[in-house]
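S.K.: Data: structure.pdb, PDB, C-alpha atoms and all ligand atoms.
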ATOM      1  CA  MET S   1      34.580  69.461  28.451
ATOM      2  CA  GLN S   2      33.145  70.975  31.623
ATOM      3  CA  ASP S   3      29.406  70.475  32.128
ATOM      4  CA  VAL S   4      28.602  72.927  34.912
ATOM      5  CA  LEU S   5      30.539  75.864  36.364
ATOM      6  CA  THR S   6      29.170  77.577  39.476
ATOM      7  CA  ILE S   7      30.211  80.834  41.099
ATOM      8  CA  GLY S   8      29.642  81.856  44.716
ATOM      9  CA  ASP S   9      30.629  81.955  48.346
ATOM     10  CA  ALA S  10      31.746  78.691  49.938
ATOM     11  CA  MET S  11      31.474  78.380  53.681
ATOM     12  CA  ILE S  12      31.961  76.266  56.728
ATOM     13  CA  THR S  13      28.548  75.104  57.906
ATOM     14  CA  MET S  14      28.187  74.251  61.569
ATOM     15  CA  ASN S  15      25.372  71.717  61.803
ATOM     16  CA  PRO S  16      23.747  71.501  65.231
ATOM     17  CA  LYS S  17      23.915  68.110  66.906
ATOM     18  CA  GLN S  18      20.732  68.916  68.833
ATOM     19  CA  ARG S  19      17.429  70.292  67.623
ATOM     20  CA  GLY S  20      15.916  73.449  69.036
ATOM     21  CA  PRO S  21      16.864  77.114  69.470
ATOM     22  CA  MET S  22      20.521  77.733  68.738
ATOM     23  CA  ARG S  23      21.109  79.578  71.985
ATOM     24  CA  PHE S  24      20.820  76.219  73.749
ATOM     25  CA  THR S  25      22.854  74.217  71.212
ATOM     26  CA  THR S  26      26.165  73.192  72.697
ATOM     27  CA  GLU S  27      27.537  70.897  70.004
ATOM     28  CA  PHE S  28      27.980  71.375  66.275
ATOM     29  CA  GLU S  29      29.483  69.313  63.510
ATOM     30  CA  ARG S  30      31.776  71.098  61.104
ATOM     31  CA  ARG S  31      30.654  70.624  57.499
ATOM     32  CA  ILE S  32      30.654  72.793  54.394
ATOM     33  CA  GLY S  33      27.908  74.657  52.552
ATOM     34  CA  GLY S  34      26.826  77.556  50.401
ATOM     35  CA  ALA S  35      24.096  77.459  47.780
ATOM     36  CA  GLU S  36      26.377  77.357  44.730
ATOM     37  CA  LEU S  37      28.756  74.944  46.465
ATOM     38  CA  ASN S  38      25.836  72.583  47.144
ATOM     39  CA  VAL S  39      24.865  72.621  43.477
ATOM     40  CA  ALA S  40      28.473  71.932  42.473
ATOM     41  CA  VAL S  41      28.641  68.947  44.844
ATOM     42  CA  GLY S  42      25.250  67.696  43.613
ATOM     43  CA  CYS S  43      26.309  67.878  39.965
ATOM     44  CA  ALA S  44      29.639  66.171  40.653
ATOM     45  CA  ARG S  45      27.952  63.316  42.554
ATOM     46  CA  LEU S  46      25.727  62.709  39.541
ATOM     47  CA  GLY S  47      28.831  62.377  37.382
ATOM     48  CA  LEU S  48      28.863  65.799  35.716
ATOM     49  CA  GLN S  49      32.221  67.492  35.078
ATOM     50  CA  THR S  50      31.856  70.381  37.480
ATOM     51  CA  GLY S  51      33.878  73.422  38.437
ATOM     52  CA  MET S  52      33.411  76.147  41.025
ATOM     53  CA  ILE S  53      34.727  79.695  41.085
ATOM     54  CA  THR S  54      35.151  81.046  44.594
ATOM     55  CA  ARG S  55      37.623  82.595  46.995
ATOM     56  CA  LEU S  56      38.365  81.283  50.491
ATOM     57  CA  GLY S  57      40.333  82.590  53.444
ATOM     58  CA  ARG S  58      43.962  81.474  53.607
ATOM     59  CA  ASP S  59      43.151  79.602  56.803
ATOM     60  CA  GLU S  60      42.438  76.081  58.023
ATOM     61  CA  PHE S  61      38.729  76.307  57.145
ATOM     62  CA  GLY S  62      39.581  77.481  53.628
ATOM     63  CA  ARG S  63      41.974  74.561  53.159
ATOM     64  CA  HIS S  64      39.369  72.139  54.472
ATOM     65  CA  ILE S  65      36.746  73.374  51.976
ATOM     66  CA  LEU S  66      39.211  73.259  49.105
ATOM     67  CA  ASN S  67      40.294  69.704  49.939
ATOM     68  CA  THR S  68      36.713  68.527  50.385
ATOM     69  CA  LEU S  69      35.559  69.951  47.071
ATOM     70  CA  ARG S  70      38.575  68.489  45.292
ATOM     71  CA  GLY S  71      37.696  65.176  46.926
ATOM     72  CA  GLU S  72      34.212  65.441  45.404
ATOM     73  CA  GLY S  73      35.928  65.668  42.019
ATOM     74  CA  ILE S  74      35.195  69.360  41.476
ATOM     75  CA  ASP S  75      37.605  71.422  39.380
ATOM     76  CA  MET S  76      38.808  74.081  41.823
ATOM     77  CA  SER S  77      41.350  75.709  39.529
ATOM     78  CA  GLY S  78      39.157  78.835  39.641
ATOM     79  CA  THR S  79      39.688  79.167  43.382
ATOM     80  CA  ALA S  80      42.393  80.814  45.466
ATOM     81  CA  LEU S  81      43.014  81.264  49.194
ATOM     82  CA  GLU S  82      43.061  84.945  50.148
ATOM     83  CA  GLU S  83      45.427  86.295  52.812
ATOM     84  CA  HIS S  84      43.352  89.039  54.426
ATOM     85  CA  TYR S  85      40.006  87.284  54.777
ATOM     86  CA  ALA S  86      38.499  84.670  57.071
ATOM     87  CA  THR S  87      36.606  81.807  55.443
ATOM     88  CA  PRO S  88      32.863  82.448  55.943
ATOM     89  CA  VAL S  89      31.022  80.427  58.587
ATOM     90  CA  ASN S  90      27.322  79.649  58.870
ATOM     91  CA  PHE S  91      25.874  78.308  62.142
ATOM     92  CA  LYS S  92      22.598  76.463  61.740
ATOM     93  CA  GLU S  93      19.627  75.980  63.972
ATOM     94  CA  THR S  94      17.382  72.996  63.195
ATOM     95  CA  LEU S  95      13.933  72.614  64.704
ATOM     96  CA  GLU S  96      11.983  69.374  65.183
ATOM     97  CA  ASN S  97      10.278  69.687  61.766
ATOM     98  CA  GLY S  98      13.589  70.064  59.908
ATOM     99  CA  ASN S  99      13.177  73.822  59.400
ATOM    100  CA  GLY S 100      15.336  76.367  61.177
ATOM    101  CA  ARG S 101      17.428  79.490  60.897
ATOM    102  CA  THR S 102      20.928  80.310  59.748
ATOM    103  CA  PHE S 103      23.350  82.665  61.458
ATOM    104  CA  TYR S 104      26.030  83.993  59.143
ATOM    105  CA  TYR S 105      29.535  85.109  60.003
ATOM    106  CA  ARG S 106      30.498  85.796  56.419
ATOM    107  CA  PHE S 107      31.544  89.404  55.893
ATOM    108  CA  PRO S 108      33.777  90.541  54.354
ATOM    109  CA  SER S 109      33.583  87.677  51.881
ATOM    110  CA  PRO S 110      36.868  86.487  50.358
ATOM    111  CA  THR S 111      34.979  86.528  47.025
ATOM    112  CA  GLU S 112      35.461  90.314  47.115
ATOM    113  CA  GLU S 113      38.815  89.512  45.528
ATOM    114  CA  LEU S 114      37.141  88.029  42.439
ATOM    115  CA  THR S 115      37.207  90.083  39.256
ATOM    116  CA  VAL S 116      35.337  89.729  35.981
ATOM    117  CA  GLN S 117      38.672  88.780  34.439
ATOM    118  CA  HIS S 118      38.975  85.774  36.814
ATOM    119  CA  ILE S 119      35.472  84.661  35.933
ATOM    120  CA  LYS S 120      36.040  85.015  32.200
ATOM    121  CA  GLU S 121      39.226  82.941  32.439
ATOM    122  CA  GLN S 122      37.197  80.078  33.895
ATOM    123  CA  LEU S 123      34.341  80.582  31.463
ATOM    124  CA  SER S 124      36.823  80.287  28.612
ATOM    125  CA  LYS S 125      36.799  76.541  29.349
ATOM    126  CA  GLN S 126      33.350  76.713  27.748
ATOM    127  CA  PRO S 127      31.229  74.903  30.329
ATOM    128  CA  LYS S 128      27.846  73.812  29.032
ATOM    129  CA  VAL S 129      26.069  75.602  31.906
ATOM    130  CA  PHE S 130      27.128  78.600  34.005
ATOM    131  CA  TYR S 131      25.199  78.571  37.304
ATOM    132  CA  MET S 132      24.579  81.725  39.367
ATOM    133  CA  THR S 133      22.384  82.615  42.333
ATOM    134  CA  GLY S 134      21.062  85.612  44.183
ATOM    135  CA  VAL S 135      23.218  84.715  47.191
ATOM    136  CA  PHE S 136      26.371  85.797  45.387
ATOM    137  CA  ALA S 137      24.509  88.777  43.917
ATOM    138  CA  SER S 138      23.489  89.875  47.429
ATOM    139  CA  LEU S 139      26.997  89.998  48.888
ATOM    140  CA  ARG S 140      27.798  93.415  47.387
ATOM    141  CA  PRO S 141      26.362  95.568  44.610
ATOM    142  CA  GLU S 142      29.436  95.025  42.391
ATOM    143  CA  ASN S 143      28.571  91.329  42.190
ATOM    144  CA  VAL S 144      25.359  92.049  40.315
ATOM    145  CA  GLU S 145      27.229  93.847  37.542
ATOM    146  CA  MET S 146      29.908  91.130  37.594
ATOM    147  CA  LEU S 147      27.251  88.438  37.077
ATOM    148  CA  ARG S 148      25.659  90.393  34.244
ATOM    149  CA  GLU S 149      28.979  90.726  32.473
ATOM    150  CA  ALA S 150      29.951  87.104  33.102
ATOM    151  CA  ALA S 151      26.578  85.866  31.837
ATOM    152  CA  ARG S 152      26.878  88.001  28.701
ATOM    153  CA  PHE S 153      30.345  86.560  28.044
ATOM    154  CA  ALA S 154      29.156  82.997  28.759
ATOM    155  CA  ARG S 155      26.289  83.271  26.295
ATOM    156  CA  GLU S 156      28.494  84.744  23.564
ATOM    157  CA  GLN S 157      30.511  81.548  23.603
ATOM    158  CA  GLY S 158      27.475  79.266  23.646
ATOM    159  CA  THR S 159      27.289  78.488  27.380
ATOM    160  CA  LEU S 160      23.765  78.288  28.818
ATOM    161  CA  THR S 161      23.208  80.448  31.884
ATOM    162  CA  ALA S 162      21.168  79.057  34.784
ATOM    163  CA  MET S 163      19.969  81.063  37.735
ATOM    164  CA  ASP S 164      18.281  80.466  41.086
ATOM    165  CA  PRO S 165      17.172  83.726  42.767
ATOM    166  CA  ASN S 166      17.896  82.094  46.172
ATOM    167  CA  ILE S 167      16.725  85.177  48.048
ATOM    168  CA  ARG S 168      18.124  85.210  51.593
ATOM    169  CA  LEU S 169      16.351  87.947  53.502
ATOM    170  CA  LYS S 170      19.121  87.923  56.097
ATOM    171  CA  LEU S 171      21.380  89.261  53.368
ATOM    172  CA  TRP S 172      19.232  91.970  51.748
ATOM    173  CA  SER S 173      15.750  93.458  51.739
ATOM    174  CA  ARG S 174      12.908  92.241  49.501
ATOM    175  CA  GLU S 175      13.109  95.491  47.546
ATOM    176  CA  ALA S 176      16.882  95.351  46.977
ATOM    177  CA  ALA S 177      16.727  91.651  46.080
ATOM    178  CA  GLY S 178      13.799  92.174  43.721
ATOM    179  CA  GLU S 179      15.442  95.053  41.897
ATOM    180  CA  ALA S 180      18.842  93.355  41.519
ATOM    181  CA  ILE S 181      17.492  89.981  40.469
ATOM    182  CA  ARG S 182      15.031  91.404  37.967
ATOM    183  CA  SER S 183      18.017  93.189  36.390
ATOM    184  CA  LEU S 184      19.699  89.802  35.952
ATOM    185  CA  LEU S 185      16.719  88.010  34.403
ATOM    186  CA  PRO S 186      17.461  89.065  30.797
ATOM    187  CA  TYR S 187      20.760  87.167  31.131
ATOM    188  CA  ALA S 188      19.273  83.807  32.167
ATOM    189  CA  ASP S 189      18.455  80.915  29.843
ATOM    190  CA  ILE S 190      17.288  78.623  32.649
ATOM    191  CA  MET S 191      15.395  79.850  35.716
ATOM    192  CA  LEU S 192      15.161  77.640  38.792
ATOM    193  CA  SER S 193      13.070  79.687  41.211
ATOM    194  CA  GLY S 194      11.232  78.942  44.409
ATOM    195  CA  LYS S 195       7.550  79.990  44.302
ATOM    196  CA  ASP S 196       8.181  82.238  47.324
ATOM    197  CA  GLU S 197      11.065  83.911  45.495
ATOM    198  CA  ALA S 198       8.955  84.485  42.388
ATOM    199  CA  ASP S 199       6.407  86.093  44.758
ATOM    200  CA  ILE S 200       9.126  88.533  45.878
ATOM    201  CA  LEU S 201      10.102  89.275  42.285
ATOM    202  CA  PHE S 202       6.621  89.704  40.811
ATOM    203  CA  GLY S 203       4.169  89.852  43.717
ATOM    204  CA  GLY S 204       1.956  86.959  44.824
ATOM    205  CA  GLN S 205       0.444  85.272  41.777
ATOM    206  CA  SER S 206      -0.183  81.793  40.383
ATOM    207  CA  ILE S 207       2.560  79.522  39.081
ATOM    208  CA  GLU S 208       1.370  80.011  35.487
ATOM    209  CA  GLU S 209       1.516  83.779  35.959
ATOM    210  CA  HIS S 210       5.020  83.520  37.420
ATOM    211  CA  ILE S 211       6.113  81.481  34.418
ATOM    212  CA  ALA S 212       4.663  84.134  32.104
ATOM    213  CA  SER S 213       6.493  86.857  34.066
ATOM    214  CA  PHE S 214       9.824  85.058  33.691
ATOM    215  CA  GLN S 215       9.084  84.432  30.019
ATOM    216  CA  SER S 216       8.578  88.138  29.468
ATOM    217  CA  TYR S 217      12.330  88.500  30.165
ATOM    218  CA  GLY S 218      13.097  86.036  27.358
ATOM    219  CA  ILE S 219      13.931  83.068  29.611
ATOM    220  CA  ASP S 220      13.575  79.800  27.716
ATOM    221  CA  ARG S 221      13.370  77.168  30.464
ATOM    222  CA  ILE S 222      11.501  78.034  33.630
ATOM    223  CA  ILE S 223      11.155  75.864  36.695
ATOM    224  CA  ILE S 224       9.121  76.918  39.725
ATOM    225  CA  LYS S 225       9.788  74.892  42.884
ATOM    226  CA  ASN S 226       7.075  74.822  45.483
ATOM    227  CA  GLY S 227       8.428  72.603  48.290
ATOM    228  CA  SER S 228       6.132  69.736  49.265
ATOM    229  CA  GLU S 229       3.613  70.931  46.615
ATOM    230  CA  GLY S 230       5.989  69.843  43.848
ATOM    231  CA  ALA S 231       7.466  71.723  40.902
ATOM    232  CA  ALA S 232       6.349  73.043  37.540
ATOM    233  CA  GLY S 233       8.410  73.468  34.399
ATOM    234  CA  LYS S 234       8.030  75.006  30.987
ATOM    235  CA  HIS S 235      10.343  75.017  27.973
ATOM    236  CA  GLY S 236       9.604  77.567  25.271
ATOM    237  CA  SER S 237       6.051  77.180  24.048
ATOM    238  CA  SER S 238       5.601  73.646  25.482
ATOM    239  CA  LYS S 239       2.779  72.901  27.902
ATOM    240  CA  THR S 240       3.576  73.433  31.587
ATOM    241  CA  VAL S 241       4.591  70.150  33.213
ATOM    242  CA  TYR S 242       3.723  69.543  36.873
ATOM    243  CA  GLN S 243       5.871  67.213  38.960
ATOM    244  CA  PRO S 244       4.533  66.179  42.378
ATOM    245  CA  ALA S 245       7.051  66.185  45.224
ATOM    246  CA  GLU S 246       8.545  62.875  46.372
ATOM    247  CA  LYS S 247       7.131  61.540  49.628
ATOM    248  CA  VAL S 248       9.403  62.291  52.579
ATOM    249  CA  GLU S 249       8.429  60.454  55.783
ATOM    250  CA  LYS S 250      10.496  62.579  58.114
ATOM    251  CA  ALA S 251      12.387  65.712  57.146
ATOM    252  CA  ALA S 252      15.762  65.828  58.879
ATOM    253  CA  ASP S 253      16.834  69.212  57.498
ATOM    254  CA  THR S 254      15.183  71.143  54.681
ATOM    255  CA  VAL S 255      18.153  73.426  53.902
ATOM    256  CA  GLY S 256      19.743  72.651  50.549
ATOM    257  CA  ALA S 257      16.710  70.861  49.065
ATOM    258  CA  GLY S 258      16.385  73.469  46.299
ATOM    259  CA  ASP S 259      20.081  73.138  45.471
ATOM    260  CA  GLY S 260      19.681  69.361  45.253
ATOM    261  CA  PHE S 261      16.711  69.843  42.939
ATOM    262  CA  ASN S 262      18.738  72.173  40.725
ATOM    263  CA  ALA S 263      21.647  69.725  40.469
ATOM    264  CA  GLY S 264      19.276  66.897  39.537
ATOM    265  CA  PHE S 265      17.448  69.039  36.994
ATOM    266  CA  LEU S 266      20.688  70.212  35.366
ATOM    267  CA  TYR S 267      21.863  66.613  35.189
ATOM    268  CA  GLY S 268      18.646  65.618  33.393
ATOM    269  CA  LEU S 269      18.861  68.603  31.070
ATOM    270  CA  LEU S 270      22.458  67.806  30.119
ATOM    271  CA  GLN S 271      21.523  64.192  29.386
ATOM    272  CA  GLY S 272      18.989  65.573  26.911
ATOM    273  CA  TYR S 273      16.077  64.078  28.857
ATOM    274  CA  PRO S 274      12.560  65.434  28.358
ATOM    275  CA  LEU S 275      11.416  68.102  30.804
ATOM    276  CA  GLU S 276       9.267  65.568  32.748
ATOM    277  CA  LYS S 277      12.239  63.332  33.463
ATOM    278  CA  ALA S 278      14.583  66.202  34.349
ATOM    279  CA  LEU S 279      11.965  67.498  36.814
ATOM    280  CA  LYS S 280      11.573  64.036  38.299
ATOM    281  CA  ILE S 281      15.340  63.693  38.850
ATOM    282  CA  GLY S 282      15.349  67.131  40.439
ATOM    283  CA  SER S 283      12.569  66.102  42.835
ATOM    284  CA  VAL S 284      14.312  62.851  43.728
ATOM    285  CA  ALA S 285      17.574  64.670  44.472
ATOM    286  CA  GLY S 286      15.807  67.380  46.494
ATOM    287  CA  ALA S 287      13.954  64.788  48.565
ATOM    288  CA  LYS S 288      17.189  62.929  49.295
ATOM    289  CA  VAL S 289      18.756  66.130  50.656
ATOM    290  CA  VAL S 290      15.829  66.687  53.044
ATOM    291  CA  GLN S 291      16.206  63.227  54.587
ATOM    292  CA  VAL S 292      19.749  63.787  55.841
ATOM    293  CA  ALA S 293      20.948  66.462  58.283
ATOM    294  CA  GLY S 294      23.220  68.973  56.550
ATOM    295  CA  ASP S 295      23.046  71.159  53.456
ATOM    296  CA  ASN S 296      24.632  68.683  51.058
ATOM    297  CA  GLU S 297      25.272  65.401  52.867
ATOM    298  CA  GLY S 298      22.116  63.887  51.358
ATOM    299  CA  LEU S 299      22.964  64.797  47.748
ATOM    300  CA  PRO S 300      22.668  61.494  45.903
ATOM    301  CA  LEU S 301      25.074  59.586  43.697
ATOM    302  CA  LEU S 302      23.770  58.762  40.233
ATOM    303  CA  GLU S 303      23.169  55.111  41.213
ATOM    304  CA  GLU S 304      20.925  56.262  44.077
ATOM    305  CA  VAL S 305      18.867  58.355  41.672
ATOM    306  CA  GLU S 306      18.656  55.420  39.265
ATOM    307  CA  ALA S 307      17.477  53.180  42.125
ATOM    308  CA  ALA S 308      14.815  55.732  43.086
ATOM    309  CA  LEU S 309      13.658  55.858  39.457
ATOM    310  CA  GLY S 310      13.381  52.058  39.523
ATOM    311  CA  ASN S 311      16.151  51.605  36.940
ATOM    312  CA  GLU S 312      18.647  49.931  39.231
ATOM    313  CA  GLU S 313      18.268  47.529  42.115
ATOM    314  CA  ARG S 314      19.517  48.796  45.459
ATOM    315  CA  VAL S 315      21.198  45.991  47.420
ATOM    316  CA  GLU S 316      21.384  46.901  51.097
ATOM    317  CA  ARG S 317      23.043  43.871  52.726
TER     318      ARG S 317
HETATM  319  O1  LIG S 401      20.751  76.819  49.772
HETATM  320  C1  LIG S 401      21.449  76.426  50.939
HETATM  321  C2  LIG S 401      22.287  77.560  51.371
HETATM  322  O2  LIG S 401      21.435  78.585  51.725
HETATM  323  C3  LIG S 401      23.185  77.248  52.517
HETATM  324  O3  LIG S 401      24.047  76.179  52.197
HETATM  325  C4  LIG S 401      24.081  78.381  52.894
HETATM  326  O4  LIG S 401      22.686  80.180  53.196
HETATM  327  C5  LIG S 401      23.601  79.726  52.601
HETATM  328  C6  LIG S 401      24.239  80.550  51.575
HETATM  329  O5  LIG S 401      24.306  81.717  51.847
HETATM  330  O6  LIG S 401      24.670  80.116  50.525
END
I'd like the structure from this file rewritten - as C-alpha cells, please.
Ligand code: KDG
M.R.:
Amino acid sequence: MQDVLTIGDAMITMNPKQRGPMRFTTEFERRIGGAELNVAVGCARLGLQTGMITRLGRDEFGRHILNTLRGEGIDMSGTALEEHYATPVNFKETLENGNGRTFYYRFPSPTEELTVQHIKEQLSKQPKVFYMTGVFASLRPENVEMLREAARFAREQGTLTAMDPNIRLKLWSREAAGEAIRSLLPYADIMLSGKDEADILFGGQSIEEHIASFQSYGIDRIIIKNGSEGAAGKHGSSKTVYQPAEKVEKAADTVGAGDGFNAGFLYGLLQGYPLEKALKIGSVAGAKVVQVAGDNEGLPLLEEVEAALGNEERVER
C-alpha cells in the first residue's frame, strides 16, 4: 500500500557552484527540485512507499528527472512526458549565509496537462497521505479547484490530506495566495505551515493564535515551522508541543529545509509515533537538508535519522 502521494511541478534545479549574486555566477550543477518533489524524495529515503503525480516535458531534462525519481524508488506511474512543453528550470543564487533567491523558467508548466481524472486514478491506489502545496496551487487558478476536488475524493476513501502553504511570492501576490490557500484549508487534515506563511494567511499573530486560526477550519493536526526558532505542533485538543530546532553549525543552503521537515514529520506520523517524536524527526531531517548545498541532496536516509536520534551508531571509517 502506498504511504504518501504528492502532486506538483518537478523541475531541473541549477545549483550555483559559487556563492554570491547570480549575475556573476558562471558555473552551475544540474540537479532536480520542486517542493512536492523534495517531499517525495524525503519520504522515499526514509523508507516510505511514495508516489508523485506530475507532468514533465518530453525532453532530456524530463527524462533525467523521471529516471532520478525512479532511482529514488518513487512510483512515477502517475507521470507522463508531454510533447509541447519544456521541463521547468529553476536557477538558484546562494549567498554566504546559505540564503538566496530563485529564478524560475517554468511557464507554461507541463502540469497544465493534468486533469482531475488523472489525479483520481492515482488516488484510487488509496495512499495513506495525499500531500499538496501552495506551489502547485499558484501555477494557475484551475489548480486550486483541482486540489479541492482531489482532496475531497482522497478523504472520501480514507486518505489523510496534508498541506504546506509554501507561498512563493515570485509566483503570486500575498492577496491571491491568501485567498486561494484559505479556500483549501477546509480540505486539509494535516497542516505543515511556515510561521511566515501563516502570517500571510491570517496576519501577524502568535503561534498559538495561528494554530487556533487553522483549527477554526477543522484541521486536526497543525504544525507551525519557525526556522531556527523551532517548530510547534498540536493534534486535536492536545497541548501544543514545542520542538527546538537542531543546531546547525554552518548553513550551506536553506532551500528545501521545510520540505525535509515535512517528510520527516510524515514519516513519524505514519509510524504512529507521538507528536513530540514526529516533530523531532522533522527537525532532524530539516537540519540535514540545510547542511548540504541543494534542495534535496541533504535529505537523510532512515539510518541517518536513527543515528541522529541516538538509536544507531554511525561508523565513519
Ligand atoms: O521548497 C523548495 C522549493 O521551493 C524548490 O525546490 C523549488 O521553488 C521551488 C518550487 O517552486 O517548488
S.K.: Give me, please, the distance in Å between atom CA of Lys92 of chain S and atom CA of Lys280 of chain S, quoted to one decimal.
M.R.: 28.7 Å
S.K.: Using all atoms listed in the file, pick whichever of S:Leu5, S:Ile200, S:Met191, S:Ala245 has the shortest atom-to-atom distance to Glu179 of chain S.
M.R.: S:Ile200
S.K.: Please write out the residues within 6 Å of ligand LIG 401 (chain S) as a list in words, counting only C-alpha atoms and all ligand atoms.
M.R.: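 Listed by chain and ascending number, the contacts are Gly33, Gly34, Ala35, Val135, Val255, Gly256, Asp259 and Asp295 of chain S.
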S.K.: Tell me which residues the PyMOL selection byres (((chain S and resi 99-113) around 10) and not hetatm) grabs here, as number ranges by chain.
M.R.: S: 7-15, 19-22, 53-58, 62, 79-98, 114-115, 118, 136, 139-140, 142-143, 168, 170-171, 251-255, 290
S.K.: With distances taken over all atoms listed in the file, which residue among S:Gly264, S:Lys250, S:Ala44, S:Glu60 lies nearest Glu72 of chain S?
M.R.: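 The closest residue to Glu72 of chain S is S:Ala44.
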S.K.: Any chance you could build segment 66-81 of chain S out to N, CA, C and O atoms and write it as an mmCIF file, in the frame of the given file?
M.R.:
data_model
loop_
_atom_site.group_PDB
_atom_site.id
_atom_site.type_symbol
_atom_site.label_atom_id
_atom_site.label_comp_id
_atom_site.auth_asym_id
_atom_site.auth_seq_id
_atom_site.Cartn_x
_atom_site.Cartn_y
_atom_site.Cartn_z
ATOM 1 N N LEU S 66 38.549 73.546 50.383
ATOM 2 C CA LEU S 66 39.211 73.259 49.105
ATOM 3 C C LEU S 66 39.467 71.757 48.954
ATOM 4 O O LEU S 66 39.146 71.152 47.922
ATOM 5 N N ASN S 67 40.005 71.144 50.008
ATOM 6 C CA ASN S 67 40.294 69.704 49.939
ATOM 7 C C ASN S 67 39.023 68.895 49.748
ATOM 8 O O ASN S 67 38.987 67.940 48.979
ATOM 9 N N THR S 68 37.960 69.293 50.467
ATOM 10 C CA THR S 68 36.713 68.527 50.385
ATOM 11 C C THR S 68 36.131 68.605 48.983
ATOM 12 O O THR S 68 35.691 67.598 48.415
ATOM 13 N N LEU S 69 36.139 69.805 48.415
ATOM 14 C CA LEU S 69 35.559 69.951 47.071
ATOM 15 C C LEU S 69 36.406 69.221 46.035
ATOM 16 O O LEU S 69 35.874 68.604 45.104
ATOM 17 N N ARG S 70 37.722 69.262 46.209
ATOM 18 C CA ARG S 70 38.575 68.489 45.292
ATOM 19 C C ARG S 70 38.265 67.003 45.429
ATOM 20 O O ARG S 70 38.213 66.274 44.448
ATOM 21 N N GLY S 71 38.029 66.590 46.678
ATOM 22 C CA GLY S 71 37.696 65.176 46.926
ATOM 23 C C GLY S 71 36.384 64.771 46.273
ATOM 24 O O GLY S 71 36.183 63.613 45.924
ATOM 25 N N GLU S 72 35.492 65.734 46.087
ATOM 26 C CA GLU S 72 34.212 65.441 45.404
ATOM 27 C C GLU S 72 34.412 65.405 43.890
ATOM 28 O O GLU S 72 33.469 65.178 43.145
ATOM 29 N N GLY S 73 35.639 65.714 43.459
ATOM 30 C CA GLY S 73 35.928 65.668 42.019
ATOM 31 C C GLY S 73 35.625 66.971 41.308
ATOM 32 O O GLY S 73 35.482 67.005 40.083
ATOM 33 N N ILE S 74 35.523 68.062 42.083
ATOM 34 C CA ILE S 74 35.195 69.360 41.476
ATOM 35 C C ILE S 74 36.483 70.082 41.065
ATOM 36 O O ILE S 74 37.467 70.087 41.818
ATOM 37 N N ASP S 75 36.454 70.661 39.881
ATOM 38 C CA ASP S 75 37.605 71.422 39.380
ATOM 39 C C ASP S 75 37.664 72.742 40.161
ATOM 40 O O ASP S 75 36.784 73.599 40.003
ATOM 41 N N MET S 76 38.691 72.887 40.979
ATOM 42 C CA MET S 76 38.808 74.081 41.823
ATOM 43 C C MET S 76 39.910 75.007 41.321
ATOM 44 O O MET S 76 40.410 75.843 42.071
ATOM 45 N N SER S 77 40.267 74.861 40.045
ATOM 46 C CA SER S 77 41.350 75.709 39.529
ATOM 47 C C SER S 77 40.925 77.180 39.477
ATOM 48 O O SER S 77 41.781 78.058 39.360
ATOM 49 N N GLY S 78 39.621 77.444 39.623
ATOM 50 C CA GLY S 78 39.157 78.835 39.641
ATOM 51 C C GLY S 78 39.124 79.411 41.040
ATOM 52 O O GLY S 78 38.512 80.452 41.273
ATOM 53 N N THR S 79 39.766 78.732 41.978
ATOM 54 C CA THR S 79 39.688 79.167 43.382
ATOM 55 C C THR S 79 41.067 79.480 43.949
ATOM 56 O O THR S 79 42.036 78.810 43.619
ATOM 57 N N ALA S 80 41.130 80.502 44.798
ATOM 58 C CA ALA S 80 42.393 80.814 45.466
ATOM 59 C C ALA S 80 42.105 81.092 46.943
ATOM 60 O O ALA S 80 40.968 81.391 47.311
ATOM 61 N N LEU S 81 43.133 80.948 47.762
ATOM 62 C CA LEU S 81 43.014 81.264 49.194
ATOM 63 C C LEU S 81 43.519 82.698 49.375
ATOM 64 O O LEU S 81 44.618 83.032 48.926
#
